[in-house]
Amino acid sequence: MKYLLIAMLSACSMCSIAQEKDTLSGEPFAWGDFTWLQGNNRQKDALLKSKYFTGGITMDMNYNYSFHNPIDHTTTGSTATFRANEFNLSYIEAGGEVFEPKSGARGKLMLQFGTRATGIPRNDNTPLRGQFDLYNALRYVTEGYAGIHLNKMKGVNIDFGIFKSYVGLLSYNNFENWNYQPSYTSDNTPWFFTGARVQMFPTTKLKVELWLVNGWQTYGMFNEAPGFGYQTNWRPKEWLSLLSSSYVGWDTALNKERLRFHTDNSVLVRYINRPGKTGITKAAFSITGDLGFENGGGVVPFDGDSVTPAQHFISAMFYNRFWLGAKQQWAWTFGGGFINNPGRYLALLPAGTGVLTQNPGDQLQGWDGSTGFQFMPNEYMTFGLEFVHREMNVPYFTGSGGVTSPNGWNAPIGDPSGYIADLRTVENRIIFSTIFRF
């Protein structure tokens, strides 16, 4: 059933793209109101906008309460929260985009600070290759690229640099998401890529992107070959969006024979739209299915054995959102998902040597659910309150003893030598967030 859902989503997207005939003119996707989409900006226009420059600033703070009350105030297995039971400045993004209409020259630079600047690059060991420190050189850049816009079809963009990821539904910027803590499907797929892309808009309803990148959420390259990918986004109606992405690359350090494939597919539907009314005035849902695997270099995708273990990624998530009131300033979202990732090659590993290994075939299965309210008094502010429940088949989440040392401190105040992290198979958290963006 899992494979059938993914295949149907991909087939639906591809077939619809082939049949699409555009009769509209103008800027792509500007013909409808898509502010309701999960992972899309709800602001109708930029505040810092001029003829040549569009700027933006985001300030994202949270208080992430863990019922385990970890002694070292650490959260594991998340790319949205990294600190527990204290106020945390999670994400600061500032920068802007420059565009010169006559020549088509374009560029964008968005800088990031806060705990996500150190937490997001996880699993990227490419900075360990070579002399220079890529972590500190690049981790403070969420997007930085230069390129050119061509007046072909409904527009073509060719860009080179660091980009926010095309694999995954949820946005890097939590201001654009219905929920604060992503389900496993989004938490374990990339938030950024380094390389080159070509964006093509054959019609005002369709975007096609082609990618050539260093690797799967990496600053550098693990081996000697780049990764390849694509994304298609088709919005035939204002109430429907279909998104399909795939990636293939060689992303295992010291093992250039191991190939990785991943596909991510989403359908988003707005099924209620009653602006100006009372009660539930808008409602929408999103369904996402992911399928991935690694092959070669000692592993097979499926049906492995003790000699050549299976290594794959099967995951899905569902979210439903209700907007409340005539001004739609309140919203309630609920949903969740599951993950199955033998080999743990995409897992967000807790701290501690040998705590959770990534040997071929190591099992990792889990599920999560969340529900939360958001209050959006205007286009620039979002206040959120969210309850998150997550489970895993192996100890994975920070317990009361923390993951750093017996007293919860690193050296010289603490002594982490010989300490074994306190990990649990279940966690419950409450997240209060406030996000300002203009």
# chains A, B, ... in the order shown; residues from 1 in each chain; ligands from 1
>>> residues_around(residues="A:Met61", least_positions_apart="5", cutoff="6 Å", atoms="only C-alpha atoms", output="PDB file with N, CA, C and O atoms, in the first residue's frame")
ATOM      1  N   ASN A  88      14.872  29.714  23.686  1.00  0.00           N
ATOM      2  CA  ASN A  88      15.919  29.509  22.692  1.00  0.00           C
ATOM      3  C   ASN A  88      15.643  30.337  21.447  1.00  0.00           C
ATOM      4  O   ASN A  88      14.530  30.326  20.914  1.00  0.00           O
ATOM      5  N   LEU A  89      16.648  31.075  20.998  1.00  0.00           N
ATOM      6  CA  LEU A  89      16.574  31.777  19.721  1.00  0.00           C
ATOM      7  C   LEU A  89      16.992  30.793  18.635  1.00  0.00           C
ATOM      8  O   LEU A  89      18.175  30.552  18.413  1.00  0.00           O
ATOM      9  N   SER A  90      16.011  30.205  17.992  1.00  0.00           N
ATOM     10  CA  SER A  90      16.255  29.084  17.096  1.00  0.00           C
ATOM     11  C   SER A  90      16.744  29.501  15.723  1.00  0.00           C
ATOM     12  O   SER A  90      17.621  28.853  15.146  1.00  0.00           O
ATOM     13  N   SER A 433       6.047  28.828  20.374  1.00  0.00           N
ATOM     14  CA  SER A 433       6.896  29.518  19.414  1.00  0.00           C
ATOM     15  C   SER A 433       6.316  30.877  19.073  1.00  0.00           C
ATOM     16  O   SER A 433       5.093  31.080  19.074  1.00  0.00           O
ATOM     17  N   THR A 434       7.204  31.789  18.773  1.00  0.00           N
ATOM     18  CA  THR A 434       6.796  33.091  18.237  1.00  0.00           C
ATOM     19  C   THR A 434       7.730  33.427  17.091  1.00  0.00           C
ATOM     20  O   THR A 434       8.962  33.357  17.222  1.00  0.00           O
TER      21      THR A 434
END
>>> residues_around(residues="stretch 380-384 of chain A", least_positions_apart="5", cutoff="9 Å", atoms="only C-alpha atoms", output="PDB file with N, CA, C and O atoms, in the first residue's frame")
ATOM      1  N   GLN A  43       2.303  35.408   3.367  1.00  0.00           N
ATOM      2  CA  GLN A  43       2.302  36.843   3.115  1.00  0.00           C
ATOM      3  C   GLN A  43       1.994  37.120   1.653  1.00  0.00           C
ATOM      4  O   GLN A  43       2.549  36.482   0.763  1.00  0.00           O
ATOM      5  N   PHE A 175       7.987  29.864   9.579  1.00  0.00           N
ATOM      6  CA  PHE A 175       6.887  30.811   9.380  1.00  0.00           C
ATOM      7  C   PHE A 175       5.952  30.331   8.279  1.00  0.00           C
ATOM      8  O   PHE A 175       4.768  30.669   8.265  1.00  0.00           O
ATOM      9  N   ASN A 179       2.857  23.513  10.999  1.00  0.00           N
ATOM     10  CA  ASN A 179       3.284  22.976  12.286  1.00  0.00           C
ATOM     11  C   ASN A 179       4.754  23.313  12.503  1.00  0.00           C
ATOM     12  O   ASN A 179       5.499  23.555  11.553  1.00  0.00           O
ATOM     13  N   TYR A 180       5.184  23.317  13.768  1.00  0.00           N
ATOM     14  CA  TYR A 180       6.552  23.723  14.095  1.00  0.00           C
ATOM     15  C   TYR A 180       7.519  22.544  14.028  1.00  0.00           C
ATOM     16  O   TYR A 180       8.580  22.645  13.443  1.00  0.00           O
ATOM     17  N   GLY A 372      -1.622  21.291  17.223  1.00  0.00           N
ATOM     18  CA  GLY A 372      -1.261  22.607  17.714  1.00  0.00           C
ATOM     19  C   GLY A 372      -2.127  23.708  17.135  1.00  0.00           C
ATOM     20  O   GLY A 372      -2.757  23.550  16.085  1.00  0.00           O
ATOM     21  N   PHE A 373      -2.137  24.827  17.861  1.00  0.00           N
ATOM     22  CA  PHE A 373      -2.855  26.030  17.432  1.00  0.00           C
ATOM     23  C   PHE A 373      -1.854  27.115  17.063  1.00  0.00           C
ATOM     24  O   PHE A 373      -0.779  27.224  17.666  1.00  0.00           O
ATOM     25  N   GLN A 374      -2.220  27.925  16.084  1.00  0.00           N
ATOM     26  CA  GLN A 374      -1.461  29.110  15.738  1.00  0.00           C
ATOM     27  C   GLN A 374      -2.377  30.326  15.763  1.00  0.00           C
ATOM     28  O   GLN A 374      -3.541  30.250  15.334  1.00  0.00           O
ATOM     29  N   PHE A 375      -1.849  31.420  16.286  1.00  0.00           N
ATOM     30  CA  PHE A 375      -2.539  32.711  16.255  1.00  0.00           C
ATOM     31  C   PHE A 375      -1.727  33.647  15.385  1.00  0.00           C
ATOM     32  O   PHE A 375      -0.541  33.862  15.628  1.00  0.00           O
ATOM     33  N   ILE A 431       5.689  22.750  22.585  1.00  0.00           N
ATOM     34  CA  ILE A 431       6.489  23.807  21.976  1.00  0.00           C
ATOM     35  C   ILE A 431       5.666  25.091  21.903  1.00  0.00           C
ATOM     36  O   ILE A 431       4.605  25.119  21.271  1.00  0.00           O
ATOM     37  N   PHE A 432       6.170  26.129  22.560  1.00  0.00           N
ATOM     38  CA  PHE A 432       5.622  27.481  22.349  1.00  0.00           C
ATOM     39  C   PHE A 432       6.576  28.210  21.426  1.00  0.00           C
ATOM     40  O   PHE A 432       7.790  28.223  21.646  1.00  0.00           O
ATOM     41  N   SER A 433       6.047  28.828  20.374  1.00  0.00           N
ATOM     42  CA  SER A 433       6.896  29.518  19.414  1.00  0.00           C
ATOM     43  C   SER A 433       6.316  30.877  19.073  1.00  0.00           C
ATOM     44  O   SER A 433       5.093  31.080  19.074  1.00  0.00           O
ATOM     45  N   THR A 434       7.204  31.789  18.773  1.00  0.00           N
ATOM     46  CA  THR A 434       6.796  33.091  18.237  1.00  0.00           C
ATOM     47  C   THR A 434       7.730  33.427  17.091  1.00  0.00           C
ATOM     48  O   THR A 434       8.962  33.357  17.222  1.00  0.00           O
ATOM     49  N   ILE A 435       7.167  33.727  15.923  1.00  0.00           N
ATOM     50  CA  ILE A 435       7.948  33.967  14.713  1.00  0.00           C
ATOM     51  C   ILE A 435       7.525  35.318  14.116  1.00  0.00           C
ATOM     52  O   ILE A 435       6.328  35.547  13.880  1.00  0.00           O
ATOM     53  N   PHE A 436       8.505  36.158  13.881  1.00  0.00           N
ATOM     54  CA  PHE A 436       8.274  37.471  13.258  1.00  0.00           C
ATOM     55  C   PHE A 436       8.989  37.493  11.921  1.00  0.00           C
ATOM     56  O   PHE A 436      10.165  37.133  11.821  1.00  0.00           O
ATOM     57  N   ARG A 437       8.282  37.907  10.872  1.00  0.00           N
ATOM     58  CA  ARG A 437       8.878  37.957   9.533  1.00  0.00           C
ATOM     59  C   ARG A 437       8.367  39.152   8.765  1.00  0.00           C
ATOM     60  O   ARG A 437       7.173  39.454   8.767  1.00  0.00           O
ATOM     61  N   PHE A 438       9.281  39.873   8.128  1.00  0.00           N
ATOM     62  CA  PHE A 438       8.857  40.930   7.216  1.00  0.00           C
ATOM     63  C   PHE A 438       9.840  41.049   6.070  1.00  0.00           C
ATOM     64  O   PHE A 438      10.887  40.431   6.066  1.00  0.00           O
TER      65      PHE A 438
END
>>> atom_distance(atom1="atom CA of A:Phe397", atom2="atom CA of A:Met59")
26.9 Å
>>> residues_around(residues="A:Leu206", least_positions_apart="6", cutoff="9 Å", atoms="only C-alpha atoms", output="PyMOL selection string")
chain A and resi 17+20+28-29+200+232-236
>>> residues_around(residues="A:Asn265", least_positions_apart="5", cutoff="6 Å", atoms="only C-alpha atoms", output="PyMOL selection string")
chain A and resi 243-244+288-289
>>> write_last_selection(atoms="N, CA and C atoms", output="compact mmCIF listing (two decimals), in the first residue's frame")
# COMPACT_ATOMS: atom_id res chain seq x y z
N LEU A 243 3.30 17.91 -6.00
CA LEU A 243 4.73 18.14 -5.88
C LEU A 243 5.45 16.80 -5.97
N SER A 244 6.46 16.71 -6.85
CA SER A 244 7.21 15.47 -7.01
C SER A 244 8.70 15.77 -7.16
N THR A 288 2.10 13.16 2.12
CA THR A 288 3.44 13.01 1.55
C THR A 288 3.91 11.58 1.71
N GLY A 289 4.49 11.02 0.65
CA GLY A 289 5.08 9.69 0.70
C GLY A 289 6.49 9.69 0.15
>>> residues_around(residues="A:Ile57", least_positions_apart="4", cutoff="10 Å", atoms="only C-alpha atoms", output="MDAnalysis selection string")
chainID A and resid 48 92:96 110:112 436:438
>>> residues_around(residues="A:Gly399", least_positions_apart="3", cutoff="6 Å", atoms="only C-alpha atoms", output="CSV table (one decimal) with N, CA and C atoms, in the first residue's frame")
chain,number,residue,atom,x,y,z
A,68,HIS,N,10.6,14.8,29.8
A,68,HIS,CA,11.8,14.1,30.4
A,68,HIS,C,12.6,15.0,31.3
A,70,PRO,N,15.4,16.9,30.6
A,70,PRO,CA,16.8,16.5,30.5
A,70,PRO,C,17.8,17.4,31.3
A,402,GLY,N,20.2,13.3,30.2
A,402,GLY,CA,20.8,14.0,29.2
A,402,GLY,C,21.7,13.1,28.3
A,422,ASP,N,21.6,9.0,28.3
A,422,ASP,CA,20.3,8.5,28.7
A,422,ASP,C,19.3,8.7,27.6
A,423,LEU,N,19.0,7.7,26.9
A,423,LEU,CA,18.1,7.8,25.7
A,423,LEU,C,16.8,6.9,26.0
A,424,ARG,N,15.7,7.4,25.5
A,424,ARG,CA,14.4,6.8,25.7
A,424,ARG,C,13.7,6.5,24.3
>>> residues_around(residues="A:Gly361", least_positions_apart="6", cutoff="10 Å", atoms="only C-alpha atoms", output="list in words")
Val299, Val300, Gly304, Asp305, Ser306, Val307, Thr308, Pro309, Ala310, Gln311, His312, Asn341, Pro342, Gly343, Arg344 and Tyr345 of chain A
>>> select_by_dssp(residues="stretch 18-261 of chain A", states="strand (DSSP E or B)", output="number ranges by chain")
A: 48-49, 53-66, 74, 83, 87-99, 105-113, 141-150, 156-164, 192-203, 206-213, 227-237, 240-249, 259-261
>>> atom_distance(atom1="atom CA of A:Gly369", atom2="atom CA of A:Phe322")
16.7 Å
>>> select_by_dssp(residues="stretch 136-266 of chain A", states="helix (DSSP H, G or I)", output="JSON, numbers by chain")
{"A": [136, 137, 138, 174, 175, 176, 184, 185, 186, 187]}
>>> write_last_selection(atoms="N, CA, C and O atoms", output="short mmCIF file (atom, residue, chain, number, x, y, z; two decimals), in the first residue's frame")
data_model
loop_
_atom_site.label_atom_id
_atom_site.label_comp_id
_atom_site.auth_asym_id
_atom_site.auth_seq_id
_atom_site.Cartn_x
_atom_site.Cartn_y
_atom_site.Cartn_z
N ASN A 136 32.27 26.28 9.32
CA ASN A 136 32.22 27.68 9.71
C ASN A 136 32.18 28.61 8.51
O ASN A 136 31.69 29.74 8.60
N ALA A 137 32.67 28.15 7.36
CA ALA A 137 32.65 28.99 6.17
C ALA A 137 31.24 29.13 5.59
O ALA A 137 30.90 30.19 5.04
N LEU A 138 30.40 28.08 5.74
CA LEU A 138 29.14 28.07 5.00
C LEU A 138 27.88 27.90 5.86
O LEU A 138 26.78 28.14 5.36
N ASN A 174 10.13 28.14 9.37
CA ASN A 174 8.92 27.65 10.02
C ASN A 174 7.74 28.63 9.95
O ASN A 174 6.60 28.24 10.23
N PHE A 175 7.99 29.86 9.58
CA PHE A 175 6.89 30.81 9.38
C PHE A 175 5.95 30.33 8.28
O PHE A 175 4.77 30.67 8.27
N GLU A 176 6.47 29.52 7.36
CA GLU A 176 5.69 29.07 6.20
C GLU A 176 5.00 27.73 6.42
O GLU A 176 4.29 27.25 5.54
N TYR A 184 8.84 12.86 10.82
CA TYR A 184 10.10 12.22 10.43
C TYR A 184 10.40 12.37 8.94
O TYR A 184 11.56 12.48 8.53
N THR A 185 9.37 12.37 8.12
CA THR A 185 9.57 12.43 6.68
C THR A 185 10.35 13.67 6.27
O THR A 185 11.29 13.61 5.48
N SER A 186 9.95 14.83 6.83
CA SER A 186 10.65 16.06 6.50
C SER A 186 11.90 16.25 7.34
O SER A 186 12.90 16.82 6.88
N ASP A 187 11.88 15.79 8.60
CA ASP A 187 13.03 15.98 9.48
C ASP A 187 14.26 15.24 8.99
O ASP A 187 15.39 15.62 9.29
#
>>> closest_residue(among="A:Leu37, A:Val355, A:Ile287, A:Leu210", to="A:Gly418", atoms="only C-alpha atoms")
A:Val355
>>> closest_residue(among="A:Ala84, A:Ala46, A:Ala326, A:Val269", to="A:Glu427", atoms="only C-alpha atoms")
A:Ala84
>>> atom_distance(atom1="atom CA of A:Gly26", atom2="atom CA of A:Met153")
10.8 Å
>>> closest_residue(among="A:Tyr172, A:Phe318, A:Tyr145, A:Phe201", to="A:Thr333", atoms="only C-alpha atoms")
A:Phe318
>>> closest_residue(among="A:Gly161, A:Pro301, A:Gly335, A:Gly56", to="A:Arg258", atoms="only C-alpha atoms")
A:Pro301
>>> closest_residue(among="A:His149, A:Arg274, A:Arg42, A:His389", to="A:Ser171", atoms="only C-alpha atoms")
A:Arg42
>>> decode(residues="stretch 256-273 of chain A", atoms="N, CA, C and O atoms", output="tab-separated table (two decimals), in the first residue's frame")
chain	number	residue	atom	x	y	z
A	256	LYS	N	32.52	4.69	-2.67
A	256	LYS	CA	32.02	5.30	-3.90
A	256	LYS	C	31.14	4.36	-4.71
A	256	LYS	O	30.54	4.78	-5.70
A	257	GLU	N	31.03	3.10	-4.30
A	257	GLU	CA	30.20	2.14	-5.02
A	257	GLU	C	28.75	2.17	-4.58
A	257	GLU	O	27.89	1.59	-5.23
A	258	ARG	N	28.46	2.83	-3.46
A	258	ARG	CA	27.10	2.80	-2.92
A	258	ARG	C	26.28	3.95	-3.47
A	258	ARG	O	26.58	5.13	-3.24
A	259	LEU	N	25.22	3.63	-4.18
A	259	LEU	CA	24.34	4.61	-4.80
A	259	LEU	C	23.12	4.86	-3.92
A	259	LEU	O	22.57	3.93	-3.32
A	260	ARG	N	22.69	6.11	-3.87
A	260	ARG	CA	21.49	6.48	-3.10
A	260	ARG	C	20.43	7.02	-4.05
A	260	ARG	O	20.71	7.85	-4.92
A	261	PHE	N	19.20	6.56	-3.86
A	261	PHE	CA	18.04	7.08	-4.60
A	261	PHE	C	16.97	7.48	-3.60
A	261	PHE	O	16.78	6.80	-2.58
A	262	HIS	N	16.26	8.57	-3.90
A	262	HIS	CA	15.18	9.01	-3.02
A	262	HIS	C	14.13	9.74	-3.84
A	262	HIS	O	14.46	10.53	-4.73
A	263	THR	N	12.88	9.46	-3.56
A	263	THR	CA	11.78	10.19	-4.18
A	263	THR	C	10.80	10.65	-3.12
A	263	THR	O	10.50	9.93	-2.17
A	264	ASP	N	10.34	11.89	-3.28
A	264	ASP	CA	9.43	12.53	-2.33
A	264	ASP	C	8.25	13.10	-3.12
A	264	ASP	O	8.44	13.86	-4.07
A	265	ASN	N	7.02	12.74	-2.71
A	265	ASN	CA	5.83	13.13	-3.48
A	265	ASN	C	4.72	13.58	-2.55
A	265	ASN	O	4.42	12.92	-1.55
A	266	SER	N	4.10	14.72	-2.89
A	266	SER	CA	3.06	15.29	-2.03
A	266	SER	C	1.86	15.74	-2.85
A	266	SER	O	2.00	16.19	-3.99
A	267	VAL	N	0.70	15.63	-2.25
A	267	VAL	CA	-0.53	16.21	-2.79
A	267	VAL	C	-1.14	17.07	-1.69
A	267	VAL	O	-1.21	16.68	-0.53
A	268	LEU	N	-1.54	18.29	-2.05
A	268	LEU	CA	-2.15	19.24	-1.12
A	268	LEU	C	-3.51	19.67	-1.67
A	268	LEU	O	-3.60	20.06	-2.85
A	269	VAL	N	-4.52	19.62	-0.83
A	269	VAL	CA	-5.89	19.92	-1.26
A	269	VAL	C	-6.54	20.87	-0.27
A	269	VAL	O	-6.54	20.62	0.94
A	270	ARG	N	-7.08	21.96	-0.78
A	270	ARG	CA	-7.91	22.85	0.04
A	270	ARG	C	-9.37	22.50	-0.23
A	270	ARG	O	-9.86	22.68	-1.35
A	271	TYR	N	-10.07	21.97	0.78
A	271	TYR	CA	-11.41	21.46	0.54
A	271	TYR	C	-12.51	22.32	1.15
A	271	TYR	O	-13.70	22.03	0.95
A	272	ILE	N	-12.16	23.35	1.89
A	272	ILE	CA	-13.14	24.34	2.37
A	272	ILE	C	-12.54	25.72	2.16
A	272	ILE	O	-11.38	25.96	2.46
A	273	ASN	N	-13.35	26.65	1.64
A	273	ASN	CA	-12.91	28.04	1.49
A	273	ASN	C	-14.13	28.95	1.58
A	273	ASN	O	-14.88	29.09	0.63
